[in-house]
Amino acid sequence: PPLKIIKKTFELLEMDARYTVVLLPLKITAGQDVPAETLYSMLLKAFDEDPKRFKFVEIDPAKAKEMLNESKKFINAEGVLLGNVEEEAKGINVMLRLIDTETNQVLANADVYDEDKSAKNLKWLMYCLSLKMKQQFPIVQGKIVQVSGNGIFTDAGAVSGVKAGMKL
């Protein structure tokens, strides 16, 4: 008999419920074969694919570097995505960190590596990188169980991917 595959997706919350971030230009620490602008564009497109976990704030790359150097807060962004590319003859490694703009705390790290640097594979790697980051920030629904001082307690816990200190 034929095999039937059903793809189940989750219902997305309102756009305002998403974490607002800015993606800074990727920093190349080794290698020159793959342009950083190409990877940056591929990564933005990958983040735009479902599930859309983050809302991106566009910012002029030159302005972003200036703001970063002066330790200024990024207007309307809750987080900053910083990427680093290490390219060698053997392969390419792309690392991404999400930093909270209020606390400067690193909230998530993700990286991808492959020896295949073809355009098709790089696109796939950027998709995998975005997915790794999205998985660390799940969209969950729950109820507030208790409010105490500056904190809240919900019925959405570690099983849902919620960690202590996350913004809801």
# chains A, B, ... in the order shown; residues from 1 in each chain; ligands from 1

call {"tool": "select_by_dssp", "arguments": {"residues": "region 76-155 of chain A", "states": "alpha helix (DSSP H)", "output": "list in words"}}
result
Ala119, Lys120, Asn121, Leu122, Lys123, Trp124, Leu125, Met126, Tyr127, Cys128, Leu129, Ser130, Leu131, Lys132, Met133, Lys134 and Gln135 of chain A

call {"tool": "closest_residue", "arguments": {"among": "A:Gly142, A:Val85, A:Glu49, A:Glu78", "to": "Thr103 (chain A)", "atoms": "only C-alpha atoms"}}
result
A:Glu78

call {"tool": "atom_distance", "arguments": {"atom1": "CA of Ile152 (chain A)", "atom2": "CA of Val140 (chain A)"}}
result
15.3 Å

call {"tool": "select_by_dssp", "arguments": {"residues": "region 27-151 of chain A", "states": "strand (DSSP E or B)", "output": "ChimeraX atom specification"}}
result
/A:27-30,54-56,79-87,92-100,106-114,144-148,151

call {"tool": "residues_around", "arguments": {"residues": "Asn109 (chain A)", "least_positions_apart": "3", "cutoff": "8 Å", "atoms": "only C-alpha atoms", "output": "JSON, numbers by chain"}}
result
{"A": [95, 96, 97, 98, 106, 133]}

call {"tool": "residues_around", "arguments": {"residues": "Asn93 (chain A)", "least_positions_apart": "6", "cutoff": "8 Å", "atoms": "only C-alpha atoms", "output": "PyMOL selection string"}}
result
chain A and resi 85-87+111-114

call {"tool": "write_last_selection", "arguments": {"atoms": "all heavy atoms", "output": "short mmCIF file (atom, residue, chain, number, x, y, z; two decimals), in the first residue's frame"}}
result
data_model
loop_
_atom_site.label_atom_id
_atom_site.label_comp_id
_atom_site.auth_asym_id
_atom_site.auth_seq_id
_atom_site.Cartn_x
_atom_site.Cartn_y
_atom_site.Cartn_z
N VAL A 85 32.59 33.51 10.26
CA VAL A 85 32.83 32.52 9.22
C VAL A 85 34.32 32.16 9.21
O VAL A 85 35.16 33.05 9.12
CB VAL A 85 32.43 33.06 7.83
CG1 VAL A 85 32.69 32.00 6.75
CG2 VAL A 85 30.98 33.50 7.81
N GLU A 86 34.60 30.87 9.34
CA GLU A 86 35.97 30.37 9.21
C GLU A 86 36.00 29.46 8.00
O GLU A 86 35.36 28.41 8.00
CB GLU A 86 36.39 29.60 10.46
CG GLU A 86 36.52 30.46 11.69
CD GLU A 86 36.86 29.65 12.94
OE1 GLU A 86 36.87 28.40 12.87
OE2 GLU A 86 37.09 30.27 13.97
N GLU A 87 36.72 29.89 6.98
CA GLU A 87 36.78 29.11 5.75
C GLU A 87 38.20 28.64 5.51
O GLU A 87 39.14 29.41 5.62
CB GLU A 87 36.31 29.97 4.58
CG GLU A 87 36.22 29.23 3.28
CD GLU A 87 35.83 30.13 2.13
OE1 GLU A 87 35.58 31.32 2.34
OE2 GLU A 87 35.79 29.61 1.02
N ASP A 111 26.24 26.42 15.32
CA ASP A 111 27.24 26.43 14.25
C ASP A 111 26.97 25.30 13.27
O ASP A 111 26.28 24.33 13.59
CB ASP A 111 28.66 26.37 14.78
CG ASP A 111 29.00 25.03 15.41
OD1 ASP A 111 28.11 24.41 16.02
OD2 ASP A 111 30.15 24.59 15.27
N VAL A 112 27.51 25.46 12.07
CA VAL A 112 27.43 24.43 11.03
C VAL A 112 28.79 24.32 10.36
O VAL A 112 29.53 25.30 10.29
CB VAL A 112 26.34 24.73 9.97
CG1 VAL A 112 24.95 24.57 10.55
CG2 VAL A 112 26.51 26.11 9.36
N TYR A 113 29.11 23.11 9.89
CA TYR A 113 30.37 22.88 9.20
C TYR A 113 30.13 21.90 8.06
O TYR A 113 29.36 20.96 8.19
CB TYR A 113 31.43 22.30 10.14
CG TYR A 113 32.70 21.89 9.41
CD1 TYR A 113 33.68 22.82 9.12
CD2 TYR A 113 32.87 20.58 8.96
CE1 TYR A 113 34.83 22.47 8.42
CE2 TYR A 113 34.01 20.21 8.26
CZ TYR A 113 34.98 21.17 7.99
OH TYR A 113 36.10 20.81 7.29
N ASP A 114 30.81 22.12 6.95
CA ASP A 114 30.77 21.15 5.85
C ASP A 114 31.98 21.38 4.96
O ASP A 114 32.53 22.48 4.92
CB ASP A 114 29.49 21.28 5.03
CG ASP A 114 29.14 19.96 4.32
OD1 ASP A 114 30.06 19.29 3.81
OD2 ASP A 114 27.95 19.62 4.29
#

call {"tool": "closest_atom_pairs", "arguments": {"of": "region 40-145 of chain A", "to": "region 18-25 of chain A", "cutoff": "7 Å", "atoms": "only C-alpha atoms", "output": "CSV"}}
result
residue,atom,partner,partner_atom,distance
A:Tyr40,CA,A:Pro25,CA,6.6
A:Arg53,CA,A:Arg18,CA,6.0
A:Phe54,CA,A:Tyr19,CA,5.0
A:Lys55,CA,A:Thr20,CA,4.6
A:Phe56,CA,A:Val21,CA,5.1
A:Val57,CA,A:Val22,CA,5.1
A:Glu58,CA,A:Val22,CA,6.5
A:Pro61,CA,A:Pro25,CA,6.3
A:Ala64,CA,A:Leu24,CA,6.7
A:Ala77,CA,A:Val21,CA,4.9
A:Glu78,CA,A:Thr20,CA,5.3
A:Gly79,CA,A:Val21,CA,4.6
A:Val80,CA,A:Val22,CA,5.0
A:Leu81,CA,A:Leu23,CA,4.7
A:Leu82,CA,A:Leu24,CA,5.7

call {"tool": "closest_residue", "arguments": {"among": "A:Lys120, A:Thr29, A:Asp60, A:Met42", "to": "Glu88 (chain A)", "atoms": "only C-alpha atoms"}}
result
A:Thr29

call {"tool": "closest_residue", "arguments": {"among": "A:Ile59, A:Ala36, A:Ile5, A:Val147", "to": "Gly83 (chain A)", "atoms": "only C-alpha atoms"}}
result
A:Ala36

call {"tool": "residues_around", "arguments": {"residues": "Lys143 (chain A)", "least_positions_apart": "6", "cutoff": "9 Å", "atoms": "only C-alpha atoms", "output": "PyMOL selection string"}}
result
chain A and resi 153-156

call {"tool": "atom_distance", "arguments": {"atom1": "CA of Lys27 (chain A)", "atom2": "CA of Met126 (chain A)"}}
result
14.9 Å

call {"tool": "residues_around", "arguments": {"residues": "Thr38 (chain A)", "least_positions_apart": "5", "cutoff": "12 Å", "atoms": "only C-alpha atoms", "output": "list in words"}}
result
Pro25, Leu26, Gln32, Asp33, Leu43, Leu44, Lys45, Val85, Ser118, Ala119, Lys120, Leu122, Lys123 and Met126 of chain A

call {"tool": "write_last_selection", "arguments": {"atoms": "C-alpha atoms", "output": "PDB file, in the first residue's frame"}}
result
ATOM      1  CA  PRO A  25      27.194  41.474   8.867  1.00  0.00           C
ATOM      2  CA  LEU A  26      29.092  38.187   9.154  1.00  0.00           C
ATOM      3  CA  GLN A  32      38.093  34.488   1.164  1.00  0.00           C
ATOM      4  CA  ASP A  33      36.436  32.131  -1.354  1.00  0.00           C
ATOM      5  CA  LEU A  43      21.055  33.283   6.185  1.00  0.00           C
ATOM      6  CA  LEU A  44      18.416  36.030   6.117  1.00  0.00           C
ATOM      7  CA  LYS A  45      16.402  34.027   3.570  1.00  0.00           C
ATOM      8  CA  VAL A  85      32.834  32.516   9.221  1.00  0.00           C
ATOM      9  CA  SER A 118      28.902  24.749  -3.401  1.00  0.00           C
ATOM     10  CA  ALA A 119      26.163  27.398  -3.524  1.00  0.00           C
ATOM     11  CA  LYS A 120      23.451  24.745  -3.116  1.00  0.00           C
ATOM     12  CA  LEU A 122      25.832  26.695   1.499  1.00  0.00           C
ATOM     13  CA  LYS A 123      22.135  27.518   1.178  1.00  0.00           C
ATOM     14  CA  MET A 126      22.409  28.459   6.336  1.00  0.00           C
TER      15      MET A 126
END

call {"tool": "atom_distance", "arguments": {"atom1": "CA of Gly91 (chain A)", "atom2": "CA of Asp116 (chain A)"}}
result
6.4 Å

call {"tool": "decode", "arguments": {"residues": "region 38-162 of chain A", "atoms": "C-alpha atoms", "output": "PDB file, in the first residue's frame"}}
result
ATOM      1  CA  THR A  38      26.399  35.886  -0.003  1.00  0.00           C
ATOM      2  CA  LEU A  39      26.228  33.938   3.268  1.00  0.00           C
ATOM      3  CA  TYR A  40      24.495  36.874   4.980  1.00  0.00           C
ATOM      4  CA  SER A  41      21.819  36.977   2.268  1.00  0.00           C
ATOM      5  CA  MET A  42      21.366  33.184   2.389  1.00  0.00           C
ATOM      6  CA  LEU A  43      21.055  33.283   6.185  1.00  0.00           C
ATOM      7  CA  LEU A  44      18.416  36.030   6.117  1.00  0.00           C
ATOM      8  CA  LYS A  45      16.402  34.027   3.570  1.00  0.00           C
ATOM      9  CA  ALA A  46      16.748  30.897   5.708  1.00  0.00           C
ATOM     10  CA  PHE A  47      15.429  32.706   8.783  1.00  0.00           C
ATOM     11  CA  ASP A  48      12.466  33.884   6.692  1.00  0.00           C
ATOM     12  CA  GLU A  49      11.374  30.283   6.054  1.00  0.00           C
ATOM     13  CA  ASP A  50       8.860  28.569   8.339  1.00  0.00           C
ATOM     14  CA  PRO A  51       8.828  28.365  11.241  1.00  0.00           C
ATOM     15  CA  LYS A  52       9.356  32.130  11.455  1.00  0.00           C
ATOM     16  CA  ARG A  53      10.567  32.480  15.021  1.00  0.00           C
ATOM     17  CA  PHE A  54      12.282  35.866  14.812  1.00  0.00           C
ATOM     18  CA  LYS A  55      11.172  39.270  13.584  1.00  0.00           C
ATOM     19  CA  PHE A  56      14.086  41.039  11.901  1.00  0.00           C
ATOM     20  CA  VAL A  57      14.870  44.728  12.159  1.00  0.00           C
ATOM     21  CA  GLU A  58      16.785  45.998   9.151  1.00  0.00           C
ATOM     22  CA  ILE A  59      19.750  48.224   9.812  1.00  0.00           C
ATOM     23  CA  ASP A  60      22.442  49.717   7.605  1.00  0.00           C
ATOM     24  CA  PRO A  61      25.577  47.523   8.004  1.00  0.00           C
ATOM     25  CA  ALA A  62      27.867  50.554   8.433  1.00  0.00           C
ATOM     26  CA  LYS A  63      25.542  51.983  11.083  1.00  0.00           C
ATOM     27  CA  ALA A  64      25.412  48.594  12.836  1.00  0.00           C
ATOM     28  CA  LYS A  65      29.204  48.431  13.138  1.00  0.00           C
ATOM     29  CA  GLU A  66      29.281  51.984  14.487  1.00  0.00           C
ATOM     30  CA  MET A  67      26.566  51.199  17.056  1.00  0.00           C
ATOM     31  CA  LEU A  68      28.366  48.017  18.089  1.00  0.00           C
ATOM     32  CA  ASN A  69      31.707  49.840  18.514  1.00  0.00           C
ATOM     33  CA  GLU A  70      30.052  52.509  20.649  1.00  0.00           C
ATOM     34  CA  SER A  71      28.094  49.897  22.678  1.00  0.00           C
ATOM     35  CA  LYS A  72      24.815  51.568  21.771  1.00  0.00           C
ATOM     36  CA  LYS A  73      21.545  49.672  22.015  1.00  0.00           C
ATOM     37  CA  PHE A  74      19.951  48.632  18.755  1.00  0.00           C
ATOM     38  CA  ILE A  75      16.647  50.451  18.474  1.00  0.00           C
ATOM     39  CA  ASN A  76      13.653  48.101  18.552  1.00  0.00           C
ATOM     40  CA  ALA A  77      15.805  44.953  18.744  1.00  0.00           C
ATOM     41  CA  GLU A  78      15.655  42.585  21.698  1.00  0.00           C
ATOM     42  CA  GLY A  79      18.591  40.578  20.412  1.00  0.00           C
ATOM     43  CA  VAL A  80      21.601  40.818  18.121  1.00  0.00           C
ATOM     44  CA  LEU A  81      22.771  37.923  15.950  1.00  0.00           C
ATOM     45  CA  LEU A  82      26.553  37.893  15.512  1.00  0.00           C
ATOM     46  CA  GLY A  83      28.042  35.543  12.947  1.00  0.00           C
ATOM     47  CA  ASN A  84      31.575  34.374  12.309  1.00  0.00           C
ATOM     48  CA  VAL A  85      32.834  32.516   9.221  1.00  0.00           C
ATOM     49  CA  GLU A  86      35.974  30.372   9.212  1.00  0.00           C
ATOM     50  CA  GLU A  87      36.783  29.108   5.751  1.00  0.00           C
ATOM     51  CA  GLU A  88      39.630  26.758   4.934  1.00  0.00           C
ATOM     52  CA  ALA A  89      40.574  24.714   1.907  1.00  0.00           C
ATOM     53  CA  LYS A  90      39.003  21.682   3.649  1.00  0.00           C
ATOM     54  CA  GLY A  91      35.639  23.297   4.415  1.00  0.00           C
ATOM     55  CA  ILE A  92      33.628  26.103   5.939  1.00  0.00           C
ATOM     56  CA  ASN A  93      32.419  26.676   9.503  1.00  0.00           C
ATOM     57  CA  VAL A  94      29.759  29.295  10.280  1.00  0.00           C
ATOM     58  CA  MET A  95      28.996  30.181  13.898  1.00  0.00           C
ATOM     59  CA  LEU A  96      26.130  32.316  15.157  1.00  0.00           C
ATOM     60  CA  ARG A  97      25.441  33.812  18.591  1.00  0.00           C
ATOM     61  CA  LEU A  98      22.299  35.517  19.853  1.00  0.00           C
ATOM     62  CA  ILE A  99      22.990  38.247  22.396  1.00  0.00           C
ATOM     63  CA  ASP A 100      20.342  39.987  24.488  1.00  0.00           C
ATOM     64  CA  THR A 101      20.543  43.760  23.926  1.00  0.00           C
ATOM     65  CA  GLU A 102      19.503  44.558  27.500  1.00  0.00           C
ATOM     66  CA  THR A 103      21.820  42.261  29.430  1.00  0.00           C
ATOM     67  CA  ASN A 104      24.557  41.514  26.827  1.00  0.00           C
ATOM     68  CA  GLN A 105      24.090  37.861  27.828  1.00  0.00           C
ATOM     69  CA  VAL A 106      24.699  35.217  25.159  1.00  0.00           C
ATOM     70  CA  LEU A 107      21.327  33.499  24.861  1.00  0.00           C
ATOM     71  CA  ALA A 108      22.178  30.921  22.211  1.00  0.00           C
ATOM     72  CA  ASN A 109      25.038  29.513  20.132  1.00  0.00           C
ATOM     73  CA  ALA A 110      24.820  27.474  16.958  1.00  0.00           C
ATOM     74  CA  ASP A 111      27.238  26.435  14.246  1.00  0.00           C
ATOM     75  CA  VAL A 112      27.426  24.427  11.033  1.00  0.00           C
ATOM     76  CA  TYR A 113      30.372  22.878   9.196  1.00  0.00           C
ATOM     77  CA  ASP A 114      30.769  21.153   5.854  1.00  0.00           C
ATOM     78  CA  GLU A 115      33.478  20.428   3.327  1.00  0.00           C
ATOM     79  CA  ASP A 116      31.132  21.112   0.387  1.00  0.00           C
ATOM     80  CA  LYS A 117      31.215  24.866  -0.363  1.00  0.00           C
ATOM     81  CA  SER A 118      28.902  24.749  -3.401  1.00  0.00           C
ATOM     82  CA  ALA A 119      26.163  27.398  -3.524  1.00  0.00           C
ATOM     83  CA  LYS A 120      23.451  24.745  -3.116  1.00  0.00           C
ATOM     84  CA  ASN A 121      25.109  23.266  -0.033  1.00  0.00           C
ATOM     85  CA  LEU A 122      25.832  26.695   1.499  1.00  0.00           C
ATOM     86  CA  LYS A 123      22.135  27.518   1.178  1.00  0.00           C
ATOM     87  CA  TRP A 124      21.335  24.257   2.985  1.00  0.00           C
ATOM     88  CA  LEU A 125      23.914  25.017   5.709  1.00  0.00           C
ATOM     89  CA  MET A 126      22.409  28.459   6.336  1.00  0.00           C
ATOM     90  CA  TYR A 127      18.959  26.864   6.607  1.00  0.00           C
ATOM     91  CA  CYS A 128      20.339  24.357   9.155  1.00  0.00           C
ATOM     92  CA  LEU A 129      22.015  27.173  11.099  1.00  0.00           C
ATOM     93  CA  SER A 130      18.789  29.162  11.275  1.00  0.00           C
ATOM     94  CA  LEU A 131      16.877  26.052  12.340  1.00  0.00           C
ATOM     95  CA  LYS A 132      19.369  25.320  15.128  1.00  0.00           C
ATOM     96  CA  MET A 133      18.866  28.863  16.433  1.00  0.00           C
ATOM     97  CA  LYS A 134      15.057  28.658  16.138  1.00  0.00           C
ATOM     98  CA  GLN A 135      15.006  25.385  18.078  1.00  0.00           C
ATOM     99  CA  GLN A 136      16.654  27.128  21.023  1.00  0.00           C
ATOM    100  CA  PHE A 137      13.806  29.674  21.056  1.00  0.00           C
ATOM    101  CA  PRO A 138      10.601  27.703  20.706  1.00  0.00           C
ATOM    102  CA  ILE A 139       7.223  29.346  20.277  1.00  0.00           C
ATOM    103  CA  VAL A 140       5.072  27.921  23.037  1.00  0.00           C
ATOM    104  CA  GLN A 141       1.719  28.695  24.469  1.00  0.00           C
ATOM    105  CA  GLY A 142       0.865  28.428  28.115  1.00  0.00           C
ATOM    106  CA  LYS A 143      -0.763  30.059  31.075  1.00  0.00           C
ATOM    107  CA  ILE A 144       0.733  32.265  33.744  1.00  0.00           C
ATOM    108  CA  VAL A 145       0.385  30.288  36.954  1.00  0.00           C
ATOM    109  CA  GLN A 146       1.864  32.763  39.435  1.00  0.00           C
ATOM    110  CA  VAL A 147       3.309  36.283  39.510  1.00  0.00           C
ATOM    111  CA  SER A 148       5.975  36.866  42.138  1.00  0.00           C
ATOM    112  CA  GLY A 149       8.059  40.039  42.434  1.00  0.00           C
ATOM    113  CA  ASN A 150       9.859  40.527  39.100  1.00  0.00           C
ATOM    114  CA  GLY A 151       9.189  36.996  37.896  1.00  0.00           C
ATOM    115  CA  ILE A 152       6.385  34.903  36.567  1.00  0.00           C
ATOM    116  CA  PHE A 153       5.734  31.185  36.603  1.00  0.00           C
ATOM    117  CA  THR A 154       4.088  29.444  33.654  1.00  0.00           C
ATOM    118  CA  ASP A 155       2.789  25.976  32.937  1.00  0.00           C
ATOM    119  CA  ALA A 156       5.129  25.800  29.909  1.00  0.00           C
ATOM    120  CA  GLY A 157       8.330  24.208  31.114  1.00  0.00           C
ATOM    121  CA  ALA A 158      11.548  22.559  30.009  1.00  0.00           C
ATOM    122  CA  VAL A 159       9.649  19.939  27.988  1.00  0.00           C
ATOM    123  CA  SER A 160       8.494  22.808  25.736  1.00  0.00           C
ATOM    124  CA  GLY A 161      12.035  24.216  25.526  1.00  0.00           C
ATOM    125  CA  VAL A 162      11.440  27.061  27.991  1.00  0.00           C
TER     126      VAL A 162
END
